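Asks: Can you read through this structure? Questions will come right after.
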Amino acid sequence: MARRRHQLCAVRGCGTAVEAWQHLCGRCWRLLPADQRAAIVAARQERAFHIVSRLAIRAADWLNAHSPQAEAARRQGEA
Ligand SMILES: [Zn+2]
């Protein structure tokens with residue numbers, strides 16, 4: 001498999017390509033609760049990227065439990 005500069009959105013069933021520094025695509029980002037988005041934005045502004053990564057993983061976990069795409073993936077038995 002060829003190496004790509006992009007990675008896929010961390011949310012299960014989404015499959016949208018995002019830049020390497022991003023964890024979530026814009027669509028999944030907008031599904032996040034405002035407090036989670038605010039925490040990630042604040043950590044990014046402080047250049048605390050280890051915290052950004054941890055928050056993004058938690059955000060993806062949340063979306064995997066709540067997003068419509070993840071719901072569809074679960075129904076299809078991919079989860
Ligand atoms: Zn996504």
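Residues in the structure tokens are named by chain (A, B, ... in the order shown) and by number from 1 within that chain; ligands are numbered from 1 in the order shown.
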Can you list, as a compact mmCIF listing (two decimals) with N, CA and C atoms, in the first residue's frame, all residues belonging to chain A that DSSP tags as strand (DSSP E or B)?
Replies:
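Resulting contents of selection02.txt:
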# COMPACT_ATOMS: atom_id res chain seq x y z
N GLN A 7 -4.31 11.11 6.44
CA GLN A 7 -4.81 10.00 7.22
C GLN A 7 -6.33 10.10 7.20
N LEU A 8 -6.98 9.10 7.76
CA LEU A 8 -8.43 9.11 7.78
C LEU A 8 -8.93 9.66 9.12
N ALA A 17 -10.76 11.70 4.43
CA ALA A 17 -9.33 11.99 4.55
C ALA A 17 -9.14 13.34 5.22
N VAL A 18 -8.21 13.41 6.17
CA VAL A 18 -7.88 14.66 6.84
C VAL A 18 -6.38 14.86 6.77
Asks: Can you check which residues of chain A DSSP gives as helix (DSSP H, G or I) on the backbone and send them as a VMD selection string?
Replies: chain A and resid 26 to 31 34 to 45 49 to 66 68 to 75
Asks: When you draw a straight line from atom CA of Ile57 of chain A to atom CA of Gln36 of chain A, how long is it in Å?
Replies: 11.1 Å
Asks: Report as CSV: every residue of chain A with an atom at most 8 Å from ligand 1, its closest pair of atoms, and their distance in Å to one decimal, counting only C-alpha atoms and all ligand atoms, with rows sorted by chain and ascending residue number.
Replies:
residue,atom,partner,partner_atom_place_in_ligand_line,distance
A:Leu8,CA,ligand 1,1 (Zn),7.8
A:Cys9,CA,ligand 1,1 (Zn),4.6
A:Ala10,CA,ligand 1,1 (Zn),6.6
A:Val11,CA,ligand 1,1 (Zn),5.3
A:Arg12,CA,ligand 1,1 (Zn),7.9
A:Cys14,CA,ligand 1,1 (Zn),4.7
A:Gly15,CA,ligand 1,1 (Zn),6.5
A:Thr16,CA,ligand 1,1 (Zn),5.5
A:Leu24,CA,ligand 1,1 (Zn),5.3
A:Cys25,CA,ligand 1,1 (Zn),4.2
A:Gly26,CA,ligand 1,1 (Zn),6.7
A:Arg27,CA,ligand 1,1 (Zn),5.8
A:Cys28,CA,ligand 1,1 (Zn),4.4
A:Trp29,CA,ligand 1,1 (Zn),7.3
Asks: Quick one: residues within 12 Å of Val41 of chain A, only C-alpha atoms counted, chain neighbours fewer than 5 positions away excluded, as a PyMOL selection string?
Replies: chain A and resi 22+29+34-36+46-49+51-53+55-56
